[in-house]
Each structure stands twice: as structure tokens, then as C-alpha cells.
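Data block below; observations after.
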Amino acid sequence: MKKPNKQNSPQSAKPSSSAKAARVLVKEVGAEPVASHTSMPVLLIALLGALLYWGNMYVVQYGGELDARVQGPYRNWKQLESLKPQDESAKLAAQGAKIYNQYCGPCHMGDGNGNFSSGFPPLAGSEWVLEKDPSRIIRIVLNGLGGPITVKGREYGQTQMLPWRESLKDEEISAVLTYVRNAWGNKGPVVDAALVKQVRDQTADHSGAWTAEDLFKVPLKN
Amino acid sequence: MNNGLLLFFGIFLSLGGSFWALLLAPQVQIGRAQPVVLETTGETYPAPRSGLAQQGADIYRAQGCVECHSQQVRQSGVNFEVWLADSGSAWPQLAATMDRLKISDADKFITQAPVKILGGLTMLEASGIASQLTNGEAKASVVLATLGPDIQRGWGKRATVTQDYLYDNPVQLGSLRIGPDLSNYGTRAVPAALALQHLYSPQSTMPKSMMPPYRYLFNKRQIAEGQKRAANALPATVEPGYEITPTPEAEALVAYLMSLNASASLAEAPVPAPPVKSAIAAPAAPAP
């Protein structure tokens with residue numbers, strides 16, 4: 001009781017602070033139960049702390065990173081994605097993305113749209129890239145390309161593409177071409193590393209960059 | 001009252017906290033869930049129920065089907081299988097590789113491709129074996145396998161998720177399984193006539209069934225000599241000279257049961273997809 005009942009209190013005649021009145025009351029009639037603060041047992045605090053820790057860890061582990069779509073036996077979205085078996089082309093493309101960003105991206109740009117004013121043709125939606133038989137684009141990557149070339153109806157050719165014959169292995173060319181053929185809305189079949197090797201051997205004595213004219217002479221299989 | 005304000009805030013905090021965690025947060029997270037377009041087929045999922053099936057959901061609720069049947073498939077985890085998708089043409093070489101990997105019955109597998117070779121592996125083990133078997137024309141692939149007693153019983157291929165219940169109001173998950181789980185009833189290829197027969201007399205189709213008969217959802221009608229039976233009459237004759245026809249309620253209930261299908265492969269709940277021979281992309285043809 002915060003304020004003692006003034007009518008019944010023997011001290012009612014003397015108006016004083018309620019705390020003082022309570023103290024006097026305790027002296028006169030013995031300890032009256034009074035609500036006050038008691039310190040929490042340390043053990044209980046420790047227990048609550050442990051409980052809070054466990055609860056947090058539980059949410060971290062099973063909460064799916066608070067993504068409502070992650071459910072069931074799966075822990076989080078990343079784990080869920082990693083559990084889906086990828087097919088060959090997806091794996092190749094993932095590997096190819098890294099190579100692309102290192103070697104091709106600086107000119108052809110990250111979005112595959114190239115740069116018209118600098119003479120870098122686009123790869124996204126390019127008819128050269130989407131050609132079912134990749135033997136022409138493998139040649140371009142191996143030896144580079146110079147001279148005028150028409151891509152998506154526009155003339156390019158002020159700049160020459162570098163040859164990658166020495167710097168990229170067959171598997172890397174296969175991966176990067178598979179990536180280019182399946183990125184930015186492109187949809188094309190996997191470029192086999194064996195085919196890259198075959199083309200590399202065939203064109204071993206070809207010196208200098210390709211021109212569009214020479215490339216058109218390369219027969220395509222459909 | 002001592003510490004009234006503290007008490008008030010304490011109560012406010014605990015009630016407000018549970019209101020937030022149990023009602024508001026889920027509403028924020030999934031309250032605006034929309035049908036998704038499936039990657040594999042391009043269809044939207046879930047598809048809205050037909051009118052009859054929608055009425056059936058109410059019958060399902062009214063008849064208390066949910067008391068004995070659940071609509072939730074649980075999944076305990078995943079592991080991985082290795083499938084031989086294509087054995088190619090260099091069979092002796094492939095058989096030698098399989099021998100080296102200690103896979104018995106290599107010859108049988110090679111002739112039966114696409115076929116499951118190994119199961120119960122981790123992703124790492126499975127992809128290791130698959131990459132060793134993939135050589136030249138021979139292709140092996142890793143296939144996800146979903147695990148759990150419900151999946152073993154054939155009640156579904158994956159765990160049911162929020163997306164499956166988008167058009168259910170109320171969601172009739174059920175908590176008892178006196179009967180089987182019905183989340184995938186529509187995929188079990190039960191003809192509608194058999195489902196109706198089961199409703200009329202469960203023990204006639206399933207001898208040990210504990211399901212009570214729902215005869216009041218059917219009409220018993222006397223047929224005169226030479227009179228044709230109704231088109232929707234149950235195929236089994238219960239009593240000579242009589243036929244049993246379902247009421248619209250029974251037909252709606254069966255339409256609802258047939259619409260239960262939680263087997264689509266979702267991004268958040270992938271379904272095992274064993275390889276099909278024709279689906280494997282052939283490598284581009286080499287140039288001359």
C-alpha cells in the first residue's frame with residue numbers, strides 16, 4: 001500500500017509524507033506487507049540469459065533467415081539453392097561468369113550490350129553468339145577479330161578484339177561461351193570443351209585476327 | 001497499486017510482443033502471397049479451384065473430414081542419388097569406371113539407362129561420382145531425393161508449403177491421421193466413381209477402412225424393370241432393383257478431393273526430377 005488509509009491511521013492528524021507515515025505504521029502495528037522491489041536471484045538472471053541465448057540460436061538456425069518462403073527441412077534460402085542439383089550447363093555457366101567478368105566484361109560490358117561508340121559489339125541477342133554451331137565464335141575467342149562486322153544490324157569494327165588462344169584453356173573457353181550463350185536472355189546449347197580443342201588444333205597455323213569475311217567461310221553444322 | 005505503470009507496460013509489452021510475432025509478422029511476410037509461375041511448366045501455381053471444387057471445400061469442412069484426414073506432408077530432409085542418364089556408346093569403358101567405383105550390376109545399369117545407380121549420398125559424394133561417370137557420351141546426373149515417413153508412404157513427393165494453401169479459406173491442415181493424408185489425393189489417379197463409392201461405403205473399396213459411410217450424401221432410388229440407370233449412378237449394385245446416385249454435395253466433395261494436388265516443384269520445395277533420356281542437351285555438333 002502506497003498511501004495508508006488516512007481515516008484509520010493513528011497518524012492521520014499529522015499530515016506527512018506517505019513514506020514516513022508508513023514507517024511509523026510499521027513501528028506501531030508491526031510489519032504490514034508492503035509491495036517493494038527485491039533483487040532477482042542471480043541464478044534466475046543467468047537462467048533467463050541462457051534461455052534468451054538458446055532462443056536466439058534456435059531462430060538463427062531454424063528461422064530461415066526470417067524468409068517466409070523457406071520452410072520444412074530447409075534452413076535458409078542459400079542452403080536450399082545449394083541442394084538443387086545443377087545440370088552441366090548451369091555449372092559451366094557459373095564458372096564462365098567469373099571468366100567473362102575478368103576477360104570479356106571490360107569491353108563487352110557486364111550486361112553483354114557492348115559499347116557502340118567504342119566499337120565493342122553486343123553479345124546479348126547477337127546472332128553470332130546464338131548460332132547453334134559455335135565453331136565461329138570459338139575461332140573469334142581464340143584468335144580475336146578485326147575489321148568491319150555487322151551485329152544486330154549495326155556496323156562495328158573500329159577496334160580489334162584480342163586473341164585469347166594462349167591465356168584461356170579449352171575448358172575455360174567452353175565455360176565462358178556457355179555462359180555468354182545463356183546469359184542476358186540468351187538461350188543456346190552448351191559449348192563442348194572437346195569441340196574447342198578440335199577448333200584450336202584446326203586453326204593452329206592461323207595467324208592474326210579473323211575478319212567477318214573469313215568467318216563466313218567457316219561451314220556451320222545444324 | 002504499487003508500480004502500476006510498470007505493470008501496465010509489462011503487460012502491454014508481452015501482449016504486444018505476441019501480437020506482433022504471431023499475427024502481424026506472418027501477415028507482413030505471407031499476407032500478400034501471390035500465385036507463382038512454375039519454372040518447369042510455365043503454369044501459375046496454385047491454380048484457382050473450379051466452382052464445384054470450391055463448394056466441395058465447404059462440404060469437406062461441414063462433414064468434418066479434417067477431424068480424421070490431414071492435408072500436410074512433412075519432410076525430414078534430403079539426400080542425393082546418382083542416376084545414369086545416358087550410357088553413351090563406350091560401354092566397356094563405362095563398366096570399368098563403375099567397377100572402379102565399386103558399383104555392382106554395372107552391366108544391368110548400362111542397358112537400362114536412365115536408371116538410378118546409387119542413393120543416400122551427400123551432395124559432394126553424389127556429384128563426385130557423377131562427374132567420374134560423365135565421360136564422353138555417357139552422362140550421369142545428381143538427383144535430389146526427399147526423405148521422411150510421409151514421403152515413404154507415398155502421400156507426396158515433397159513437404160507442403162504455404163504456397164499450396166493460397167486458395168484455402170480456412171486452411172484445413174488437420175491434426176489427426178485416422179485416415180491417410182489427402183494433400184495429393186488428386187494425383188493418385190482414383191477415378192471419381194471409385195471415390196464416390198468409397199464415400200458411400202468405405203469398406204467396399206478399402207476392406208479395413210475405419211471411415212464412416214456418408215450414405216446421406218447419396219440418394220437410393222428404385223428402378224423399374226427395364227428402366228435405364230442414371231448416368232451418375234454408382235457402378236456397384238447395392239441391392240437388386242435399386243440404384244445409388246450421388247447428391248450434388250457428394251459430387252462437389254469429390255471434385256474438391258480431385259483438386260487436391262501439392263506435387264508441383266516449387267523454388268522453396270523442389271521435387272525430385274530423375275533425368276529423361278531425351279531431355280539431355282546434346283553437345284553442339286563439331287565443325288569439320
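Ligands are numbered from 1 in the order shown, residues from 1 within each chain, and chains are lettered A, B, ... in the order they appear in the C-alpha cells.
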For chain B against chain A, which residues fall within 10 Å using only C-alpha atoms, given as JSON, numbers by chain? {"B": [1, 2, 3, 25, 26, 28, 29, 30, 33, 73, 74, 75, 76, 77, 78, 79, 80, 81, 122, 123, 126, 127, 131, 134, 136, 139, 140, 141, 142, 143, 144, 146, 147, 148, 158, 159, 160, 161, 162, 163, 267, 268, 269, 270, 271, 272, 273, 280, 281, 282, 283, 284, 285, 286, 287, 288]}
With DSSP run on the backbone, what are the helix (DSSP H, G or I) residues within region 199-241 of chain B? I'd like them as a PDB file with C-alpha atoms, in the first residue's frame.
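Final output, saved to result38.pdb:
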ATOM      1  CA  LEU B 199     -17.793 -42.193 -49.657  1.00  0.00           C
ATOM      2  CA  TYR B 200     -20.948 -44.304 -49.854  1.00  0.00           C
ATOM      3  CA  PRO B 202     -15.758 -47.112 -47.441  1.00  0.00           C
ATOM      4  CA  GLN B 203     -15.347 -50.784 -46.570  1.00  0.00           C
ATOM      5  CA  SER B 204     -16.477 -51.828 -50.037  1.00  0.00           C
ATOM      6  CA  THR B 205     -13.397 -50.282 -51.616  1.00  0.00           C
ATOM      7  CA  ARG B 215     -24.837 -42.508 -47.126  1.00  0.00           C
ATOM      8  CA  TYR B 216     -26.804 -39.320 -46.527  1.00  0.00           C
ATOM      9  CA  LEU B 217     -24.837 -37.705 -49.321  1.00  0.00           C
TER      10      LEU B 217
END
For a quick check of understanding, using only C-alpha atoms, which of A:Gly146, A:Gly55, A:Gly157, A:Gly105 has the smallest distance to Ser117 (chain A)? A:Gly157
Give me the residues within 9 Å of region 101-103 of chain B as a count of residues only, counting only C-alpha atoms and dropping any in the same chain fewer than 2 places off. 10
